[in-house]
>>> print(open('structure-v1.pdb').read())   # PDB, C-alpha atoms, pLDDT in the B column
ATOM      1  CA  MET A   1       0.000   0.000   0.000  1.00 33.00           C
ATOM      2  CA  ARG A   2       1.346   3.401  -0.954  1.00 38.00           C
ATOM      3  CA  GLU A   3       1.835   6.004   1.770  1.00 39.00           C
ATOM      4  CA  ARG A   4       0.045   9.292   1.092  1.00 43.00           C
ATOM      5  CA  SER A   5       1.442  12.680   1.968  1.00 43.00           C
ATOM      6  CA  ASN A   6      -0.575  15.775   2.795  1.00 46.00           C
ATOM      7  CA  ILE A   7       0.921  17.945   0.058  1.00 48.00           C
ATOM      8  CA  GLY A   8      -2.505  19.431  -0.759  1.00 49.00           C
ATOM      9  CA  ALA A   9      -2.910  21.125   2.614  1.00 47.00           C
ATOM     10  CA  GLY A  10       0.616  22.491   2.363  1.00 49.00           C
ATOM     11  CA  LEU A  11      -0.042  23.867  -1.137  1.00 47.00           C
ATOM     12  CA  CYS A  12      -3.227  25.556   0.052  1.00 47.00           C
ATOM     13  CA  ALA A  13      -1.407  27.170   2.979  1.00 48.00           C
ATOM     14  CA  ALA A  14       1.446  28.288   0.706  1.00 47.00           C
ATOM     15  CA  ALA A  15      -1.009  29.814  -1.777  1.00 49.00           C
ATOM     16  CA  LEU A  16      -2.733  31.730   1.019  1.00 47.00           C
ATOM     17  CA  LEU A  17       0.604  33.055   2.283  1.00 47.00           C
ATOM     18  CA  LEU A  18       1.694  34.097  -1.216  1.00 49.00           C
ATOM     19  CA  CYS A  19      -1.586  35.897  -1.920  1.00 51.00           C
ATOM     20  CA  ALA A  20      -1.810  37.639   1.459  1.00 50.00           C
ATOM     21  CA  PRO A  21       0.573  40.547   0.695  1.00 50.00           C
ATOM     22  CA  SER A  22      -1.242  41.366  -2.560  1.00 49.00           C
ATOM     23  CA  PHE A  23      -4.509  42.183  -0.822  1.00 48.00           C
ATOM     24  CA  ALA A  24      -3.342  43.148   2.657  1.00 49.00           C
ATOM     25  CA  SER A  25      -3.125  46.914   2.054  1.00 48.00           C
ATOM     26  CA  THR A  26      -6.542  47.042   0.362  1.00 49.00           C
ATOM     27  CA  ALA A  27      -8.049  44.843   3.053  1.00 46.00           C
ATOM     28  CA  LEU A  28      -6.881  47.180   5.819  1.00 51.00           C
ATOM     29  CA  ALA A  29      -8.859  50.036   4.263  1.00 51.00           C
ATOM     30  CA  GLN A  30     -11.997  47.933   3.717  1.00 61.00           C
ATOM     31  CA  GLU A  31     -14.389  46.211   6.098  1.00 82.00           C
ATOM     32  CA  TRP A  32     -14.516  42.439   5.687  1.00 88.00           C
ATOM     33  CA  THR A  33     -17.901  40.836   5.180  1.00 92.00           C
ATOM     34  CA  THR A  34     -18.794  37.187   5.698  1.00 94.00           C
ATOM     35  CA  SER A  35     -21.576  35.405   3.826  1.00 95.00           C
ATOM     36  CA  LEU A  36     -23.099  31.964   4.125  1.00 96.00           C
ATOM     37  CA  VAL A  37     -22.292  30.130   0.872  1.00 94.00           C
ATOM     38  CA  ASP A  38     -23.677  26.635   1.425  1.00 95.00           C
ATOM     39  CA  ILE A  39     -25.298  24.463   4.046  1.00 97.00           C
ATOM     40  CA  HIS A  40     -26.117  20.803   3.448  1.00 96.00           C
ATOM     41  CA  GLN A  41     -26.340  17.444   5.163  1.00 96.00           C
ATOM     42  CA  GLY A  42     -24.668  14.317   3.885  1.00 94.00           C
ATOM     43  CA  SER A  43     -21.496  13.556   1.987  1.00 93.00           C
ATOM     44  CA  PRO A  44     -19.990  10.729  -0.060  1.00 94.00           C
ATOM     45  CA  LEU A  45     -18.663   9.249   3.210  1.00 95.00           C
ATOM     46  CA  SER A  46     -22.145   9.421   4.786  1.00 95.00           C
ATOM     47  CA  ASP A  47     -23.491   7.542   1.775  1.00 95.00           C
ATOM     48  CA  LYS A  48     -20.706   4.971   2.051  1.00 95.00           C
ATOM     49  CA  ALA A  49     -21.428   4.447   5.771  1.00 94.00           C
ATOM     50  CA  ARG A  50     -25.140   3.950   5.100  1.00 93.00           C
ATOM     51  CA  GLY A  51     -24.248   1.426   2.399  1.00 94.00           C
ATOM     52  CA  LEU A  52     -22.419  -0.637   5.027  1.00 93.00           C
ATOM     53  CA  GLY A  53     -25.812  -1.210   6.667  1.00 92.00           C
ATOM     54  CA  ASN A  54     -27.115  -3.252   3.735  1.00 92.00           C
ATOM     55  CA  GLY A  55     -27.447  -6.929   4.510  1.00 89.00           C
ATOM     56  CA  GLY A  56     -27.249  -8.966   7.673  1.00 89.00           C
ATOM     57  CA  TYR A  57     -26.723 -12.524   8.843  1.00 84.00           C
ATOM     58  CA  GLU A  58     -28.615 -15.453  10.315  1.00 83.00           C
ATOM     59  CA  LEU A  59     -27.973 -16.662  13.853  1.00 78.00           C
ATOM     60  CA  GLN A  60     -27.702 -20.364  14.738  1.00 77.00           C
ATOM     61  CA  SER A  61     -31.270 -20.149  16.027  1.00 84.00           C
ATOM     62  CA  GLY A  62     -32.437 -19.045  12.558  1.00 86.00           C
ATOM     63  CA  SER A  63     -33.287 -15.456  13.480  1.00 89.00           C
ATOM     64  CA  TRP A  64     -32.126 -12.646  11.138  1.00 90.00           C
ATOM     65  CA  VAL A  65     -29.824  -9.847  12.349  1.00 86.00           C
ATOM     66  CA  SER A  66     -29.857  -6.772  10.101  1.00 91.00           C
ATOM     67  CA  PHE A  67     -26.836  -4.487   9.867  1.00 91.00           C
ATOM     68  CA  SER A  68     -29.057  -1.420   9.329  1.00 92.00           C
ATOM     69  CA  ARG A  69     -29.520  -0.577  13.019  1.00 90.00           C
ATOM     70  CA  TRP A  70     -25.733  -0.529  13.538  1.00 93.00           C
ATOM     71  CA  TYR A  71     -25.141   1.789  10.578  1.00 94.00           C
ATOM     72  CA  HIS A  72     -28.010   4.243  11.091  1.00 93.00           C
ATOM     73  CA  ALA A  73     -27.031   7.651  12.467  1.00 93.00           C
ATOM     74  CA  SER A  74     -29.600   9.885  14.141  1.00 92.00           C
ATOM     75  CA  TRP A  75     -27.641  12.936  12.885  1.00 94.00           C
ATOM     76  CA  VAL A  76     -26.176  13.128   9.365  1.00 95.00           C
ATOM     77  CA  ASP A  77     -22.894  15.015   8.849  1.00 96.00           C
ATOM     78  CA  MET A  78     -23.779  18.693   8.217  1.00 97.00           C
ATOM     79  CA  HIS A  79     -21.479  21.003   6.270  1.00 97.00           C
ATOM     80  CA  VAL A  80     -21.596  24.802   6.529  1.00 97.00           C
ATOM     81  CA  ASP A  81     -19.446  26.951   4.215  1.00 97.00           C
ATOM     82  CA  PHE A  82     -18.725  30.687   4.398  1.00 97.00           C
ATOM     83  CA  LEU A  83     -16.972  33.300   2.252  1.00 96.00           C
ATOM     84  CA  THR A  84     -15.218  36.218   3.929  1.00 97.00           C
ATOM     85  CA  GLN A  85     -14.692  38.949   1.326  1.00 95.00           C
ATOM     86  CA  ILE A  86     -11.352  40.682   1.771  1.00 94.00           C
ATOM     87  CA  THR A  87     -11.279  42.772  -1.426  1.00 93.00           C
ATOM     88  CA  PRO A  88     -13.864  43.055  -4.209  1.00 92.00           C
ATOM     89  CA  ASP A  89     -12.064  40.216  -6.037  1.00 94.00           C
ATOM     90  CA  THR A  90     -10.591  38.086  -3.238  1.00 96.00           C
ATOM     91  CA  GLY A  91     -12.009  36.152  -0.338  1.00 96.00           C
ATOM     92  CA  LEU A  92     -11.332  33.429   2.182  1.00 97.00           C
ATOM     93  CA  LEU A  93     -13.440  30.287   1.994  1.00 97.00           C
ATOM     94  CA  TRP A  94     -13.935  28.480   5.273  1.00 97.00           C
ATOM     95  CA  GLY A  95     -16.357  26.115   6.886  1.00 97.00           C
ATOM     96  CA  PHE A  96     -16.884  23.034   8.980  1.00 97.00           C
ATOM     97  CA  GLY A  97     -18.561  19.641   9.058  1.00 97.00           C
ATOM     98  CA  THR A  98     -20.207  18.352  12.220  1.00 97.00           C
ATOM     99  CA  GLY A  99     -19.394  14.676  11.704  1.00 96.00           C
ATOM    100  CA  GLU A 100     -21.787  11.838  12.478  1.00 96.00           C
ATOM    101  CA  GLN A 101     -21.817   8.703  14.566  1.00 96.00           C
ATOM    102  CA  ALA A 102     -23.682   5.406  14.677  1.00 96.00           C
ATOM    103  CA  GLU A 103     -23.126   2.279  16.736  1.00 95.00           C
ATOM    104  CA  LYS A 104     -20.537   0.767  14.347  1.00 95.00           C
ATOM    105  CA  TYR A 105     -18.974   3.775  12.574  1.00 97.00           C
ATOM    106  CA  SER A 106     -18.069   7.404  13.013  1.00 97.00           C
ATOM    107  CA  ILE A 107     -17.268  10.319  10.716  1.00 97.00           C
ATOM    108  CA  GLY A 108     -15.128  12.903  12.458  1.00 97.00           C
ATOM    109  CA  PRO A 109     -15.759  16.645  12.388  1.00 97.00           C
ATOM    110  CA  SER A 110     -13.963  18.558   9.631  1.00 97.00           C
ATOM    111  CA  LEU A 111     -12.595  22.012   8.897  1.00 97.00           C
ATOM    112  CA  LYS A 112     -12.452  23.539   5.408  1.00 97.00           C
ATOM    113  CA  LEU A 113     -10.035  26.363   4.543  1.00 97.00           C
ATOM    114  CA  GLY A 114      -9.285  28.013   1.210  1.00 97.00           C
ATOM    115  CA  PHE A 115      -9.418  31.119  -0.921  1.00 96.00           C
ATOM    116  CA  LEU A 116     -11.227  32.512  -3.941  1.00 96.00           C
ATOM    117  CA  THR A 117      -9.906  35.120  -6.325  1.00 97.00           C
ATOM    118  CA  GLN A 118     -11.118  36.547  -9.614  1.00 96.00           C
ATOM    119  CA  ILE A 119      -9.898  38.788 -12.424  1.00 96.00           C
ATOM    120  CA  HIS A 120     -11.740  40.484 -15.252  1.00 94.00           C
ATOM    121  CA  PRO A 121      -9.839  39.952 -18.537  1.00 93.00           C
ATOM    122  CA  ASN A 122     -12.355  42.295 -20.200  1.00 92.00           C
ATOM    123  CA  PRO A 123     -15.526  44.070 -19.036  1.00 90.00           C
ATOM    124  CA  ASN A 124     -17.763  41.121 -20.048  1.00 93.00           C
ATOM    125  CA  SER A 125     -15.770  38.246 -18.553  1.00 95.00           C
ATOM    126  CA  THR A 126     -14.606  36.878 -15.229  1.00 95.00           C
ATOM    127  CA  LEU A 127     -11.948  34.277 -14.566  1.00 96.00           C
ATOM    128  CA  SER A 128     -12.110  32.872 -11.045  1.00 96.00           C
ATOM    129  CA  LEU A 129      -9.982  30.408  -9.115  1.00 97.00           C
ATOM    130  CA  SER A 130     -10.881  28.734  -5.853  1.00 96.00           C
ATOM    131  CA  VAL A 131      -8.795  26.313  -3.806  1.00 97.00           C
ATOM    132  CA  THR A 132     -10.006  24.590  -0.643  1.00 96.00           C
ATOM    133  CA  SER A 133      -8.477  22.026   1.667  1.00 96.00           C
ATOM    134  CA  THR A 134     -10.380  19.866   4.155  1.00 96.00           C
ATOM    135  CA  ILE A 135      -8.834  18.705   7.413  1.00 96.00           C
ATOM    136  CA  GLY A 136     -10.441  15.826   9.328  1.00 96.00           C
ATOM    137  CA  GLY A 137     -13.789  14.246   8.521  1.00 96.00           C
ATOM    138  CA  GLY A 138     -12.571  10.649   8.132  1.00 97.00           C
ATOM    139  CA  LEU A 139     -14.842   7.580   8.257  1.00 97.00           C
ATOM    140  CA  THR A 140     -13.895   4.808  10.694  1.00 97.00           C
ATOM    141  CA  GLU A 141     -15.785   1.539  11.050  1.00 96.00           C
ATOM    142  CA  LYS A 142     -15.835  -0.060  14.514  1.00 96.00           C
ATOM    143  CA  PRO A 143     -15.476  -3.795  15.269  1.00 95.00           C
ATOM    144  CA  CYS A 144     -17.932  -6.092  17.074  1.00 90.00           C
ATOM    145  CA  GLU A 145     -17.384  -8.709  19.757  1.00 90.00           C
ATOM    146  CA  ALA A 146     -18.543 -12.083  18.422  1.00 84.00           C
ATOM    147  CA  ASP A 147     -19.069 -15.202  20.506  1.00 82.00           C
ATOM    148  CA  TYR A 148     -18.075 -18.342  18.589  1.00 80.00           C
ATOM    149  CA  GLY A 149     -19.115 -20.707  21.392  1.00 82.00           C
ATOM    150  CA  ASP A 150     -16.370 -23.237  22.178  1.00 84.00           C
ATOM    151  CA  LEU A 151     -13.913 -21.287  19.994  1.00 83.00           C
ATOM    152  CA  GLY A 152     -14.186 -18.204  22.211  1.00 85.00           C
ATOM    153  CA  THR A 153     -15.015 -14.528  21.806  1.00 88.00           C
ATOM    154  CA  TYR A 154     -13.248 -12.431  19.174  1.00 88.00           C
ATOM    155  CA  SER A 155     -13.131  -8.829  18.030  1.00 92.00           C
ATOM    156  CA  VAL A 156     -14.363  -9.012  14.411  1.00 92.00           C
ATOM    157  CA  ASN A 157     -15.650  -7.001  11.468  1.00 92.00           C
ATOM    158  CA  CYS A 158     -19.411  -7.065  12.147  1.00 89.00           C
ATOM    159  CA  ARG A 159     -20.290  -7.482   8.469  1.00 90.00           C
ATOM    160  CA  LEU A 160     -18.001 -10.512   8.011  1.00 89.00           C
ATOM    161  CA  ALA A 161     -18.424 -12.280  11.356  1.00 83.00           C
ATOM    162  CA  ALA A 162     -20.797 -14.938   9.986  1.00 82.00           C
ATOM    163  CA  GLY A 163     -18.672 -15.694   6.922  1.00 83.00           C
ATOM    164  CA  MET A 164     -15.951 -18.240   6.281  1.00 86.00           C
ATOM    165  CA  THR A 165     -13.082 -15.817   7.018  1.00 87.00           C
ATOM    166  CA  ALA A 166     -11.153 -16.414  10.254  1.00 88.00           C
ATOM    167  CA  PRO A 167     -12.377 -13.950  12.926  1.00 85.00           C
ATOM    168  CA  GLU A 168      -9.031 -12.157  13.322  1.00 87.00           C
ATOM    169  CA  GLU A 169      -8.693 -11.838   9.523  1.00 91.00           C
ATOM    170  CA  THR A 170     -11.993  -9.906   9.225  1.00 92.00           C
ATOM    171  CA  LEU A 171     -10.538  -6.897  11.041  1.00 94.00           C
ATOM    172  CA  LYS A 172      -8.388  -5.895   8.073  1.00 93.00           C
ATOM    173  CA  TYR A 173     -11.605  -5.288   6.091  1.00 94.00           C
ATOM    174  CA  LEU A 174     -12.942  -2.604   8.442  1.00 95.00           C
ATOM    175  CA  VAL A 175     -13.580   0.578   6.444  1.00 95.00           C
ATOM    176  CA  SER A 176     -11.309   3.541   7.022  1.00 96.00           C
ATOM    177  CA  ALA A 177     -11.750   6.348   4.460  1.00 95.00           C
ATOM    178  CA  LYS A 178     -10.829  10.007   4.166  1.00 95.00           C
ATOM    179  CA  PRO A 179     -12.888  12.698   2.458  1.00 93.00           C
ATOM    180  CA  GLU A 180     -11.729  14.547  -0.634  1.00 90.00           C
ATOM    181  CA  THR A 181      -9.038  16.746   0.915  1.00 90.00           C
ATOM    182  CA  MET A 182      -8.292  19.235  -1.891  1.00 94.00           C
ATOM    183  CA  HIS A 183     -10.643  20.934  -4.307  1.00 93.00           C
ATOM    184  CA  LEU A 184      -9.477  23.183  -7.146  1.00 95.00           C
ATOM    185  CA  TRP A 185     -12.108  25.045  -9.152  1.00 95.00           C
ATOM    186  CA  LEU A 186     -11.366  27.217 -12.210  1.00 96.00           C
ATOM    187  CA  ASN A 187     -14.248  29.039 -13.874  1.00 96.00           C
ATOM    188  CA  TYR A 188     -14.491  31.401 -16.854  1.00 95.00           C
ATOM    189  CA  ARG A 189     -17.735  33.354 -17.295  1.00 94.00           C
ATOM    190  CA  LEU A 190     -18.545  35.439 -20.372  1.00 93.00           C
ATOM    191  CA  THR A 191     -21.690  37.554 -20.483  1.00 91.00           C
ATOM    192  CA  PHE A 192     -23.092  38.991 -23.674  1.00 86.00           C
TER     193      PHE A 192
END
>>> encode(input="structure-v1.pdb", output="structure tokens")
Amino acid sequence: MRERSNIGAGLCAAALLLCAPSFASTALAQEWTTSLVDIHQGSPLSDKARGLGNGGYELQSGSWVSFSRWYHASWVDMHVDFLTQITPDTGLLWGFGTGEQAEKYSIGPSLKLGFLTQIHPNPNSTLSLSVTSTIGGGLTEKPCEADYGDLGTYSVNCRLAAGMTAPEETLKYLVSAKPETMHLWLNYRLTF
């Protein structure tokens, strides 16, 4: 498995530091305003976690155990994004995610940081660039304790406990996923 570095967060921070001097003098003479840009519940990781709840297994007694109750959160990860305008053409993007938790998984809270800038190549067009980086917000699946009778009790992946895989081997299939950590958006708008 390849080790991943967090170059994206470093690039975002470097870009913010490089852009800061260009708008600092203008920003000092202008009042900053902050606007709500987006608010929504759910994310690709929330969808993935809910998907883990599909299925179930049959006990020795013949009764069915559904995974859905273990993978149902009473609160779905909410994301709130803001834009703080520093100059007429530059702003800081920032926001947060609340995270979510169910019996057998959790999605951690997250913090989003970035910037947005735009130029006007001519009076009828706008070229804008936005870069954001997300810190935190990872999905972690939790194990179960399974009683195998005479074989003993083991910590196992809940979804694989009733399968043919050895109990200790199921743990390597627990889901651990990170959200998209870097987003780059380039837009050109022409009005006529």
>>> residues_near_point(input="structure-v1.pdb", point="(-5.6, 30.4, -8.7)", cutoff="7 Å", atoms="only C-alpha atoms", output="ChimeraX atom specification")
/A:117,129-130
>>> write_last_selection(input="structure-v1.pdb", atoms="C-alpha atoms", output="PDB file, in the frame of the given file")
ATOM      1  CA  THR A 117      -9.906  35.120  -6.325  1.00 97.00           C
ATOM      2  CA  LEU A 129      -9.982  30.408  -9.115  1.00 97.00           C
ATOM      3  CA  SER A 130     -10.881  28.734  -5.853  1.00 96.00           C
TER       4      SER A 130
END
>>> residues_near_point(input="structure-v1.pdb", point="(-12.0, 37.9, -10.4)", cutoff="12 Å", atoms="all atoms listed in the file", output="list of chain:residue names")
A:Thr87, A:Pro88, A:Asp89, A:Thr90, A:Gly91, A:Phe115, A:Leu116, A:Thr117, A:Gln118, A:Ile119, A:His120, A:Pro121, A:Asn122, A:Pro123, A:Asn124, A:Ser125, A:Thr126, A:Leu127, A:Ser128, A:Leu129, A:Ser130, A:Leu186, A:Asn187, A:Tyr188, A:Arg189
>>> closest_residue(input="structure-v1.pdb", among="A:Leu171, A:His72, A:Val80, A:Ile135", to="Gly51 (chain A)", atoms="all atoms listed in the file")
A:His72
>>> resolve_selection(input="structure-v1.pdb", expression="the PyMOL selection byres ((chain A and resi 57) around 10)", output="NGL selection string")
:A and (55-56 or 58-60 or 62-67 or 158-163)
>>> closest_residue(input="structure-v1.pdb", among="A:Val76, A:Ser110, A:Asp81, A:Asn54", to="Thr34 (chain A)", atoms="all atoms listed in the file")
A:Asp81
>>> resolve_selection(input="structure-v1.pdb", expression="the PyMOL selection byres ((chain A and resi 142) around 6)", output="mmCIF file with C-alpha atoms, in the coordinates of the input")
data_model
loop_
_atom_site.group_PDB
_atom_site.id
_atom_site.type_symbol
_atom_site.label_atom_id
_atom_site.label_comp_id
_atom_site.auth_asym_id
_atom_site.auth_seq_id
_atom_site.Cartn_x
_atom_site.Cartn_y
_atom_site.Cartn_z
ATOM 1 C CA LYS A 104 -20.537 0.767 14.347
ATOM 2 C CA TYR A 105 -18.974 3.775 12.574
ATOM 3 C CA GLU A 141 -15.785 1.539 11.050
ATOM 4 C CA PRO A 143 -15.476 -3.795 15.269
#
>>> closest_residue(input="structure-v1.pdb", among="A:Ser46, A:Met182, A:Ala146, A:Trp32", to="Lys112 (chain A)", atoms="all atoms listed in the file")
A:Met182
